[in-house]
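The structure appears right after this line, and notes come after that.
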Amino acid sequence: QVQLVESGGGLVQPGGSLRLSCAVSGSTSDYYAMGWFRQAPGKEREGVSCISRRGDNTYYAESVTGRFTISRDDAKNTVYLQMNSLEFEDTAVYYCAAARTSLPAALLFRRPDLFDFWGQGTQVTVSS
């Protein structure tokens, strides 16, 4: 059974940075395309970013483009989300997810139903 464990969340001031990590266990991460999603209080879950299975393409939500960077280190079975220039609106629980697909990241981003495994989430709070 694949398990995903997020870490790296916390409280940060606007303009600050955080790096989220998603550790994959129970399988090797290179079998999966990976994604980051978030859910703010009172809002629906939304996609943040995806990275293809091979790591050769990525996709970002418009709201985070230019500020967030997704990456993967399959030797460590870990996926990262570097978040810079954080804004109040980035406050949410962040989830990573794994999909057994070779779809390009841009297509996978629009298909959250294809993600087979989800982590429990890590809280990111942007506050002054």
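By order in the structure tokens, chains are A, B, ...; within a chain, residues start at 1; ligands start at 1, following the order shown.
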
(request) Mind checking which residues fall within 10 Å of Arg45 (chain A), counting only C-alpha atoms, ignoring those fewer than 5 positions away in the same chain, and posting them as JSON, numbers by chain? (result) {"A": [37, 38, 39, 40, 92, 93, 94, 95, 112]}

(message) So that I can see what lies close to Tyr32 (chain A), please list as a ChimeraX atom specification the residues with an atom at most 9 Å from it, counting only C-alpha atoms and leaving out residues fewer than 5 positions away in the same chain.
(response) /A:52-54,98-102

Export all heavy atoms of the chosen residues as a PDB file, in the first residue's frame?
```
ATOM      1  N   SER A  52       5.171  15.386 -13.986  1.00  0.00           N
ATOM      2  CA  SER A  52       4.993  14.121 -14.678  1.00  0.00           C
ATOM      3  C   SER A  52       5.807  13.014 -14.018  1.00  0.00           C
ATOM      4  O   SER A  52       6.701  13.261 -13.204  1.00  0.00           O
ATOM      5  CB  SER A  52       5.404  14.268 -16.141  1.00  0.00           C
ATOM      6  OG  SER A  52       6.777  14.599 -16.230  1.00  0.00           O
ATOM      7  N   ARG A  53       5.496  11.811 -14.438  1.00  0.00           N
ATOM      8  CA  ARG A  53       6.155  10.645 -13.869  1.00  0.00           C
ATOM      9  C   ARG A  53       7.672  10.709 -14.055  1.00  0.00           C
ATOM     10  O   ARG A  53       8.429  10.360 -13.155  1.00  0.00           O
ATOM     11  CB  ARG A  53       5.595   9.392 -14.532  1.00  0.00           C
ATOM     12  CG  ARG A  53       6.223   8.103 -14.076  1.00  0.00           C
ATOM     13  CD  ARG A  53       5.542   6.929 -14.748  1.00  0.00           C
ATOM     14  NE  ARG A  53       6.286   5.698 -14.563  1.00  0.00           N
ATOM     15  CZ  ARG A  53       5.942   4.529 -15.051  1.00  0.00           C
ATOM     16  NH1 ARG A  53       4.840   4.411 -15.766  1.00  0.00           N
ATOM     17  NH2 ARG A  53       6.676   3.471 -14.827  1.00  0.00           N
ATOM     18  N   ARG A  54       8.101  11.189 -15.192  1.00  0.00           N
ATOM     19  CA  ARG A  54       9.538  11.275 -15.457  1.00  0.00           C
ATOM     20  C   ARG A  54      10.148  12.580 -14.979  1.00  0.00           C
ATOM     21  O   ARG A  54      11.357  12.765 -15.055  1.00  0.00           O
ATOM     22  CB  ARG A  54       9.811  11.114 -16.953  1.00  0.00           C
ATOM     23  CG  ARG A  54       9.462   9.742 -17.491  1.00  0.00           C
ATOM     24  CD  ARG A  54       9.883   9.602 -18.951  1.00  0.00           C
ATOM     25  NE  ARG A  54       9.624   8.251 -19.459  1.00  0.00           N
ATOM     26  CZ  ARG A  54       9.948   7.860 -20.679  1.00  0.00           C
ATOM     27  NH1 ARG A  54      10.540   8.696 -21.516  1.00  0.00           N
ATOM     28  NH2 ARG A  54       9.683   6.631 -21.061  1.00  0.00           N
ATOM     29  N   ALA A  98      -0.562  10.930  -5.633  1.00  0.00           N
ATOM     30  CA  ALA A  98       0.178  10.153  -6.619  1.00  0.00           C
ATOM     31  C   ALA A  98      -0.778   9.523  -7.612  1.00  0.00           C
ATOM     32  O   ALA A  98      -1.833   8.999  -7.214  1.00  0.00           O
ATOM     33  CB  ALA A  98       0.995   9.070  -5.915  1.00  0.00           C
ATOM     34  N   ALA A  99      -0.395   9.548  -8.879  1.00  0.00           N
ATOM     35  CA  ALA A  99      -1.229   8.999  -9.947  1.00  0.00           C
ATOM     36  C   ALA A  99      -0.406   8.034 -10.793  1.00  0.00           C
ATOM     37  O   ALA A  99       0.678   8.397 -11.252  1.00  0.00           O
ATOM     38  CB  ALA A  99      -1.788  10.114 -10.818  1.00  0.00           C
ATOM     39  N   ARG A 100      -0.947   6.869 -11.045  1.00  0.00           N
ATOM     40  CA  ARG A 100      -0.259   5.876 -11.876  1.00  0.00           C
ATOM     41  C   ARG A 100      -0.593   6.152 -13.333  1.00  0.00           C
ATOM     42  O   ARG A 100      -1.425   5.499 -13.956  1.00  0.00           O
ATOM     43  CB  ARG A 100      -0.702   4.467 -11.484  1.00  0.00           C
ATOM     44  CG  ARG A 100      -0.156   4.027 -10.149  1.00  0.00           C
ATOM     45  CD  ARG A 100      -0.743   2.707  -9.697  1.00  0.00           C
ATOM     46  NE  ARG A 100      -2.164   2.832  -9.379  1.00  0.00           N
ATOM     47  CZ  ARG A 100      -2.873   1.898  -8.772  1.00  0.00           C
ATOM     48  NH1 ARG A 100      -2.298   0.750  -8.438  1.00  0.00           N
ATOM     49  NH2 ARG A 100      -4.153   2.084  -8.514  1.00  0.00           N
ATOM     50  N   THR A 101       0.053   7.160 -13.856  1.00  0.00           N
ATOM     51  CA  THR A 101      -0.223   7.580 -15.210  1.00  0.00           C
ATOM     52  C   THR A 101       1.013   8.213 -15.820  1.00  0.00           C
ATOM     53  O   THR A 101       1.877   8.721 -15.102  1.00  0.00           O
ATOM     54  CB  THR A 101      -1.394   8.581 -15.253  1.00  0.00           C
ATOM     55  OG1 THR A 101      -1.618   8.987 -16.604  1.00  0.00           O
ATOM     56  CG2 THR A 101      -1.061   9.822 -14.438  1.00  0.00           C
ATOM     57  N   SER A 102       1.061   8.158 -17.139  1.00  0.00           N
ATOM     58  CA  SER A 102       2.143   8.819 -17.872  1.00  0.00           C
ATOM     59  C   SER A 102       1.636  10.072 -18.582  1.00  0.00           C
ATOM     60  O   SER A 102       2.306  10.602 -19.466  1.00  0.00           O
ATOM     61  CB  SER A 102       2.756   7.851 -18.887  1.00  0.00           C
ATOM     62  OG  SER A 102       3.373   6.766 -18.229  1.00  0.00           O
TER      63      SER A 102
END
```

(request) Give me every strand (DSSP E or B) residue in chain A, going by DSSP on the backbone, as a PyMOL selection string. (result) chain A and resi 3-7+10-12+18-25+33-39+46-51+58-60+68-73+78-83+92-99+117-118+122-126

(request) Would you mind listing what lies within 10 Å of region 83-90 of chain A as number ranges by chain, with only C-alpha atoms counted and same-chain residues fewer than 5 positions away left out? (result) A: 12-20, 38-40, 63-64, 66-70, 124-128

(request) Tell me, in Å to one decimal, how far CA of Gly9 (chain A) is from CA of Thr122 (chain A). (result) 5.4 Å

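Note that the spacing between CA of Ser49 (chain A) and CA of Leu108 (chain A) amounts to 9.7 Å.
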
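Considering the residues A:Tyr60, A:Phe109, A:Tyr80, A:Trp118 and counting only C-alpha atoms, Ser21 (chain A) has its shortest atom-to-atom contact with A:Tyr80.
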
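Residues lying within 6 Å of Val2 (chain A), counting only C-alpha atoms and ignoring same-chain neighbours fewer than 6 positions away, are A:Ser25, A:Gly26, A:Ser27.
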
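Proximity of A:Gly121, A:Gly35, A:Gly10, A:Gly55 to Leu81 (chain A), computed with only C-alpha atoms, is greatest for A:Gly35.
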
(request) Return the single residue from A:Met34, A:Val48, A:Leu11, A:Leu114 that is closest to Val79 (chain A), with distances computed using only C-alpha atoms. (result) A:Met34

(request) Point out the residue among A:Glu44, A:Asp73, A:Thr65, A:Gln3 with the least atom-to-atom distance to Gln120 (chain A), counting only C-alpha atoms. (result) A:Gln3

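Of the residues listed (A:Cys22, A:Ala61, A:Cys50, A:Ala97), A:Ala97 shows the shortest atom-to-atom separation from Phe115 (chain A); distances use only C-alpha atoms.
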
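Coordinates place CA of Arg110 (chain A) at a distance of 27.0 Å from CA of Lys76 (chain A).
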
Report the residues of chain A whose backbone DSSP state falls under alpha helix (DSSP H), written as a compact mmCIF listing (two decimals) with N, CA, C and O atoms, in the first residue's frame.
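Listed below is the output, selection_22.txt:
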```
# COMPACT_ATOMS: atom_id res chain seq x y z
N ALA A 105 1.84 16.62 -17.33
CA ALA A 105 1.38 17.29 -16.12
C ALA A 105 0.19 18.21 -16.38
O ALA A 105 -0.72 18.31 -15.57
N ALA A 106 0.18 18.87 -17.52
CA ALA A 106 -0.89 19.82 -17.82
C ALA A 106 -2.24 19.12 -17.95
O ALA A 106 -3.27 19.67 -17.56
N LEU A 107 -2.24 17.91 -18.48
CA LEU A 107 -3.49 17.15 -18.60
C LEU A 107 -3.88 16.55 -17.25
O LEU A 107 -5.05 16.54 -16.87
N LEU A 108 -2.89 16.04 -16.54
CA LEU A 108 -3.17 15.44 -15.24
C LEU A 108 -3.75 16.45 -14.27
O LEU A 108 -4.61 16.13 -13.45
N PHE A 109 -3.28 17.69 -14.37
CA PHE A 109 -3.76 18.75 -13.46
C PHE A 109 -5.28 18.88 -13.51
O PHE A 109 -5.92 19.20 -12.51
```

(message) Nearest residue to Tyr59 (chain A) out of A:Ala75, A:Leu4, A:Leu103, A:Ala23, using only C-alpha atoms?
(response) A:Leu103
